[in-house]
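*Asks:* This is the structure I want to talk about, given as structure tokens.
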Amino acid sequence: MKITLVLLFLVVLCTNILSQQRATVEGRLTGNSSAVIVRLVSDTESFSTTTDALGVYRFEGVPDGRYLLVTGGRQASVVIENGQVSMARLADVVVVAAGDEQTLEQVSKTIDVMGGQEMRDRADFSLVESLRTIPGFRVQQLGGFGRTASIKTRGLRNQDTALLIDGIRFRDASSITGDATPFISDFTLTSIAKVEVLRGSGSSVYGTNAIGGTVDFRTPSARSGTHGQVSAAAGGLGLGRFRGNISHGTDDGRFGINAGYSRTVYSKGIDGEDDAGNHNFQTRIDARPFTGTSISGRIFFSDADVRLNSNPDTLGAMPPSNTTIINAVSGVSFSPDTNDPDSFQRSRFFSGQASIEHVLSNKLVLGGYYQGLSTRRVNDNGPLGPGFQSASISVFEGTIQTANAHIKWTPNDAHQVSFGYEFEKERFGNEGRTPSGLGDFFTRAGQKSNTFYLQDLIGLFNGRLQIAGSMRVQTFGLDRPEFSLSNAPYTALTLSNPSNAITFDGAAAYSFRSTGTKLRAHAGNGYRVPSLYERFGTFFSTFGTPGFIALGDPFLKPEKTFAFDSGIEQDLARERVRLSATYFYTRLNDIIGFGNVVPNIGSTIRPFGGYENQKGGRAQGAEFSSRIQASGSTEVFASYTFTDSQQRTPQVAGSGIIKTLGIPDHQFTVVATQRFGRFWINFDLLATSSYLAPIFSGSTFSTYIYRFDGNRKGDLTAGYTFAFRNNARTLRLFGTIENVFDQEYFENGFRTAGATGRIGLSFGF
């Protein structure tokens with residue numbers, strides 16, 4: 001009897017196992033010219049496969065459950081019940097909006113994503129080139145490749161846009177405003193997956209400098225197999241560029257490594273002597289040694305050198321005061337930048353990152369990261385060149401160490417809470433050298449901060465309503481500065497900890513799926529930490545008794561802002577057309593500015609002015625964009641931005657002009673790509689209205705406001721891809737004509753290149 005019962009139990013068990021239905025999950029990825037890895041993962045299961053030459057993937061024998069289909073930067077939810085598969089549309093995934101993965105449908109803020117394919121179609125090789133067509137962005141580069149570049153978001157200042165590498169802040173601790181501006185031009189596209197752009201306040205998620213927007217430079221992870229690419233380009237202005245990448249990933253997706261190197265050189269430049277060069281090296285390692293554990297390490301290194309020109313200067317008879325706006329006419333009312341044969345800048349940065357994430361359960365994830373960041377800039381200026389020149393070398397060095405630990409709790413499918421702690425320590429060094437040694441000096445300063453942050457992401461009504469809320473509290477501590485001479489400023493001060501920075505952020509979006517309409521709104525306050533230069537900035541004077549002249553104020557308060565934006569997105573023609581309209585408003589409540597007459601700091605006098613807390617201004621406007629996928633081979637993106645930006649006090653003292661300098665009222669961009677099989681052609685255009693910019697006069701020693709015409713810069717790129725061995729090997733030929741209309745225009749008085757061409761060749765495997 002017992003044997004019979006046991007046999008009956010085994011028969012029933014085997015029948016249940018054999019009758020359990022398993023499903024086949026399959027699909028096709030478009031827009032890929034080579035095989036890519038696709039993963040299907042749940043809390044307990046993990047499957048991996050690779051697409052074929054047509055982009056088709058297939059998983060067989062998948063049991064019932066809830067899964068996430070992941071490939072590159074895209075994902076979709078998959079539910080299998082009784083062997084029946086229900087799969088959502090594969091959607092792009094972004095991180096910059098919330099510091100965590102979200103599909104574009106879930107994002108409740110203003111986001112733009114520029115993928116690697118789009119940058120390849122445009123043959124871009126620097127981050128500055130790629131960002132200039134983003135709505136609401138004003139991107140300038142003064143004098144060509146390698147020279148100072150800036151990003152002004154929604155009518156704000158250079159320092160109001162944060163730059164990230166894989167979600168971690170990158171900035172220069174030794175720059176005047178403590179932001180990334182001195183190194184933006186050194187970011188070449190050596191190895192990049194995509195660029196994610198958040199417009200609007202991001203301080204509650206990313207901290208300092210994310211007042212107006214955030215740019216996240218995302219590096220690629222290795223895919224299955226061994227792959228690589230070698231490319232070279234040459235062209236006008238003495239351009240020579242080499243780039244090489246190689247990667248290897250295991251078939252099970254547990255380990256991947258990639259590395260990339262590029263060398264970009266302009267041996268002539270705009271005036272024939274504007275030579276510039278740049279080395280970039282990147283590497284990334286990803287590993288999953290245990291189930292639920294992910295480890296990643298990244299290195300980003302740049303070494304650049306560039307010959308600098310003298311600044312633009314006024315020309316002709318100047319008006320009796322600087323309240324008059326002067327029309328900028330080259331050779332008549334101003335002289336552009338001119339060659340300076342012995343002025344050079346060398347810059348170098350190193351960023352090393354390590355991150356880890358461990359899934360304790362389907363509801364709880366622990367994570368953390370560390371970044372060590374080092375920056376160094378050397379400006380060497382000799383006695384040659386126009387105007388008054390004195391030989392000197394200035395060295396600026398900065399280090400920032402950041403450590404982060406966080407917890408992600410997902411109590412249910414519609415709710416995710418993140419809580420974290422972050423410690424940051426930065427050091428600043430400034431050194432000056434002169435041939436005689438009489439003006440030699442150094443300054444050292446440091447500060448640290450402790451930060452706690454909280455974020456809540458909620459999805460209701462089957463994901464149609466998305467709500468995001470966050471807050472951040474940051475406290476600061478100052479180290480006593482060090483100087484090379486005993487008669488240094490600030491030595492008699494009793495330093496106290498600066499005031500705290502507290503920010504809040506809230507966003508909501510609702511999607512009407514039946515009509516393809518999405519409404520969104522976002523509001524939050526922001527802040528910027530006073531830089532160490534703004535706190536302890538000095539310069540050395542040899543007049544009278546040699547010594548330091550103070551500029552900084554150790555007791556500066558953080559900048560405070562408030563921002564709001566709301567918008568609507570509309571999908572049409574089965575999502576082939578996406579229209580977007582956004583209104584934005586930002587108020588700069590308290591800023592840090594330079595005053596010509598400022599109070600002393602204790603016994604430290606500031607005879608030549610210095611940094612102080614001031615009242616800011618406001619910027620408002622509207623952004624309109626459309627992305628049209630006319631067919632599988634035709635794509636057009638167009639945008640228009642209107643910006644009204646004003647300051648409470650003039651940026652140039654005595655001018656009475658409160659309009660923000662460097663910001664045009666109107667900006668229009670177009671990016672169009674047409675494919676004919678393996679041949680493609682791309683055109684991108686940036687057109688702006690006129691704008692105001694300052695020029696310092698070497699004759700009157702005053703600053704005047706000029707009105708410059710806007711630019712009409714269009715670039716045309718075309719290429720053809722040869723494929724071999726079922727797309728396993730590719731050979732790409734491409735060519736670009738920059739400034740195809742040969743328009744002469746000036747960026748704040750600096751010359752720009754006319755029509756120039758370049759050609760390139762790329763081999764991939």
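Labeling convention for the structure tokens: chains A, B, ... as they appear, residues from 1 per chain, ligands from 1 in order of appearance.
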Determine, for each residue of region 126-148 of chain A having at least one atom at most 12 Å from an atom of region 327-337 of chain A, the closest pair of atoms and their separation in Å to one decimal, counting only C-alpha atoms; order by chain and ascending number, as a tab-separated table.
*Replies:*
residue	atom	partner	partner_atom	distance
A:Leu142	CA	A:Asp337	CA	9.3
A:Gly143	CA	A:Asp337	CA	8.0
A:Gly144	CA	A:Asp337	CA	11.5
*Asks:* Give me the residues within 7 Å of Trp409 (chain A) as a VMD selection string, counting only C-alpha atoms and dropping any in the same chain fewer than 6 places off.
*Replies:* chain A and resid 363 to 365 416 to 418
*Asks:* So which residues touch region 629-646 of chain A within 6 Å, counting only C-alpha atoms, skipping near sequence neighbours fewer than 6 positions away, as a PyMOL selection string?
*Replies:* chain A and resi 135-136+155+576+617-623+658-660+665-675
*Asks:* Create the file for the chosen residues now, containing N, CA, C and O atoms and written as a short mmCIF file (atom, residue, chain, number, x, y, z; two decimals), in the first residue's frame.
*Replies:*
data_model
loop_
_atom_site.label_atom_id
_atom_site.label_comp_id
_atom_site.auth_asym_id
_atom_site.auth_seq_id
_atom_site.Cartn_x
_atom_site.Cartn_y
_atom_site.Cartn_z
N PRO A 135 17.85 71.63 -27.33
CA PRO A 135 17.01 72.79 -27.04
C PRO A 135 17.37 73.43 -25.71
O PRO A 135 17.67 72.73 -24.73
N GLY A 136 17.36 74.75 -25.65
CA GLY A 136 17.64 75.46 -24.42
C GLY A 136 19.11 75.58 -24.07
O GLY A 136 19.45 76.23 -23.08
N GLY A 155 19.27 80.25 -20.36
CA GLY A 155 19.57 81.64 -20.05
C GLY A 155 20.38 81.86 -18.80
O GLY A 155 20.52 83.01 -18.36
N ARG A 576 5.50 57.90 -34.76
CA ARG A 576 6.52 58.36 -35.72
C ARG A 576 6.82 59.84 -35.56
O ARG A 576 7.86 60.32 -36.02
N GLY A 617 19.06 87.22 -10.64
CA GLY A 617 18.19 87.66 -11.72
C GLY A 617 17.18 86.58 -12.01
O GLY A 617 16.87 85.74 -11.16
N ARG A 618 16.68 86.57 -13.24
CA ARG A 618 15.72 85.55 -13.61
C ARG A 618 15.81 85.28 -15.10
O ARG A 618 16.22 86.13 -15.90
N ALA A 619 15.45 84.06 -15.47
CA ALA A 619 15.43 83.66 -16.87
C ALA A 619 14.15 82.88 -17.12
O ALA A 619 13.78 82.02 -16.31
N GLN A 620 13.49 83.19 -18.20
CA GLN A 620 12.28 82.47 -18.55
C GLN A 620 12.20 82.33 -20.06
O GLN A 620 12.91 83.03 -20.80
N GLY A 621 11.36 81.44 -20.51
CA GLY A 621 11.24 81.25 -21.95
C GLY A 621 10.46 80.00 -22.28
O GLY A 621 9.76 79.42 -21.44
N ALA A 622 10.61 79.56 -23.52
CA ALA A 622 9.87 78.40 -24.01
C ALA A 622 10.73 77.61 -24.98
O ALA A 622 11.54 78.19 -25.73
N GLU A 623 10.57 76.29 -24.95
CA GLU A 623 11.27 75.38 -25.85
C GLU A 623 10.24 74.57 -26.63
O GLU A 623 9.28 74.04 -26.04
N ILE A 658 20.96 95.27 -18.01
CA ILE A 658 20.62 94.13 -17.16
C ILE A 658 20.34 92.87 -17.97
O ILE A 658 20.18 91.79 -17.39
N LYS A 659 20.29 92.96 -19.27
CA LYS A 659 20.11 91.78 -20.10
C LYS A 659 21.32 90.86 -19.94
O LYS A 659 22.47 91.32 -19.96
N THR A 660 21.08 89.56 -19.75
CA THR A 660 22.18 88.62 -19.54
C THR A 660 23.06 88.53 -20.78
O THR A 660 22.55 88.37 -21.90
N ASP A 665 18.09 85.83 -27.84
CA ASP A 665 16.67 85.64 -27.55
C ASP A 665 16.11 84.41 -28.28
O ASP A 665 15.24 83.71 -27.76
N HIS A 666 16.60 84.16 -29.49
CA HIS A 666 16.03 83.11 -30.32
C HIS A 666 17.13 82.14 -30.77
O HIS A 666 18.23 82.57 -31.16
N GLN A 667 16.80 80.85 -30.75
CA GLN A 667 17.75 79.85 -31.23
C GLN A 667 16.96 78.73 -31.93
O GLN A 667 15.94 78.26 -31.43
N PHE A 668 17.47 78.31 -33.07
CA PHE A 668 16.80 77.31 -33.89
C PHE A 668 17.81 76.23 -34.28
O PHE A 668 18.94 76.55 -34.66
N THR A 669 17.41 74.96 -34.16
CA THR A 669 18.30 73.86 -34.54
C THR A 669 17.55 72.85 -35.40
O THR A 669 16.34 72.66 -35.25
N VAL A 670 18.30 72.20 -36.28
CA VAL A 670 17.77 71.13 -37.12
C VAL A 670 18.82 70.04 -37.23
O VAL A 670 20.01 70.33 -37.43
N VAL A 671 18.41 68.79 -37.08
CA VAL A 671 19.26 67.64 -37.36
C VAL A 671 18.45 66.69 -38.23
O VAL A 671 17.40 66.19 -37.80
N ALA A 672 18.90 66.44 -39.44
CA ALA A 672 18.17 65.60 -40.39
C ALA A 672 19.09 64.51 -40.91
O ALA A 672 20.23 64.78 -41.30
N THR A 673 18.59 63.26 -40.93
CA THR A 673 19.36 62.12 -41.42
C THR A 673 18.54 61.35 -42.44
O THR A 673 17.37 61.03 -42.19
N GLN A 674 19.14 61.05 -43.56
CA GLN A 674 18.50 60.27 -44.62
C GLN A 674 19.41 59.10 -44.98
O GLN A 674 20.60 59.27 -45.21
N ARG A 675 18.81 57.90 -45.01
CA ARG A 675 19.57 56.71 -45.36
C ARG A 675 19.07 56.14 -46.68
O ARG A 675 17.86 56.12 -46.94
#
*Asks:* Could you tell me how far CA of Asn381 (chain A) lies from CA of Leu661 (chain A), in Å and to one decimal?
*Replies:*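 According to the coordinates, CA of Asn381 (chain A) and CA of Leu661 (chain A) are separated by 27.8 Å.
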*Asks:* Can you list, as number ranges by chain, every protein, DNA or RNA residue that comes within 6 Å of region 557-562 of chain A when you count only C-alpha atoms, leaving out same-chain residues fewer than 6 positions away?
*Replies:* A: 524-530, 586-591
*Asks:* Could you name the residues that touch Ser374 (chain A) at 7 Å or less, counting only C-alpha atoms, but leaving out those on the same chain fewer than 2 positions away, as a PyMOL selection string?
*Replies:* chain A and resi 349-351+372+376+398-400
*Asks:* Would you write out, as CSV, a table of all residues in region 212-311 of chain A that have an atom no more than 10 Å from an atom of region 169-176 of chain A, listing for each the closest atom pair and the distance in Å to one decimal, considering only C-alpha atoms and ordering rows by chain and rising residue number?
*Replies:*
residue,atom,partner,partner_atom,distance
A:Thr214,CA,A:Arg169,CA,9.5
A:Val215,CA,A:Arg169,CA,9.6
A:Asp216,CA,A:Arg169,CA,8.7
A:Phe217,CA,A:Phe170,CA,10.0
*Asks:* Would you mind exporting the chosen residues as a PDB file, in the first residue's frame, restricted to N, CA and C atoms?
*Replies:*
ATOM      1  N   THR A 214      21.745  69.329 -16.321  1.00  0.00           N
ATOM      2  CA  THR A 214      22.739  68.304 -16.042  1.00  0.00           C
ATOM      3  C   THR A 214      23.036  67.534 -17.314  1.00  0.00           C
ATOM      4  N   VAL A 215      24.318  67.337 -17.612  1.00  0.00           N
ATOM      5  CA  VAL A 215      24.769  66.560 -18.760  1.00  0.00           C
ATOM      6  C   VAL A 215      25.483  65.319 -18.246  1.00  0.00           C
ATOM      7  N   ASP A 216      24.982  64.152 -18.633  1.00  0.00           N
ATOM      8  CA  ASP A 216      25.567  62.887 -18.171  1.00  0.00           C
ATOM      9  C   ASP A 216      26.231  62.182 -19.347  1.00  0.00           C
ATOM     10  N   PHE A 217      27.548  62.046 -19.274  1.00  0.00           N
ATOM     11  CA  PHE A 217      28.368  61.376 -20.289  1.00  0.00           C
ATOM     12  C   PHE A 217      28.389  59.888 -19.931  1.00  0.00           C
TER      13      PHE A 217
END
*Asks:* Quick check for you: according to DSSP on this backbone, which residues of region 145-330 of chain A are classed as alpha helix (DSSP H)? Reply as a PDB file with C-alpha atoms, in the first residue's frame.
*Replies:*
ATOM      1  CA  SER A 203      20.438  69.906  -7.250  1.00  0.00           C
ATOM      2  CA  SER A 204      18.294  67.619  -5.081  1.00  0.00           C
ATOM      3  CA  VAL A 205      19.626  64.610  -7.004  1.00  0.00           C
ATOM      4  CA  TYR A 206      23.107  65.744  -8.110  1.00  0.00           C
TER       5      TYR A 206
END
*Asks:* Can you pull out the residues contacting Pro289 (chain A)? Cut-off 12 Å, using only C-alpha atoms, and skip same-chain residues under 4 positions away; I want them as JSON, numbers by chain.
*Replies:* {"A": [252, 253, 254, 255, 256, 293, 294, 295, 296, 356, 357, 358]}
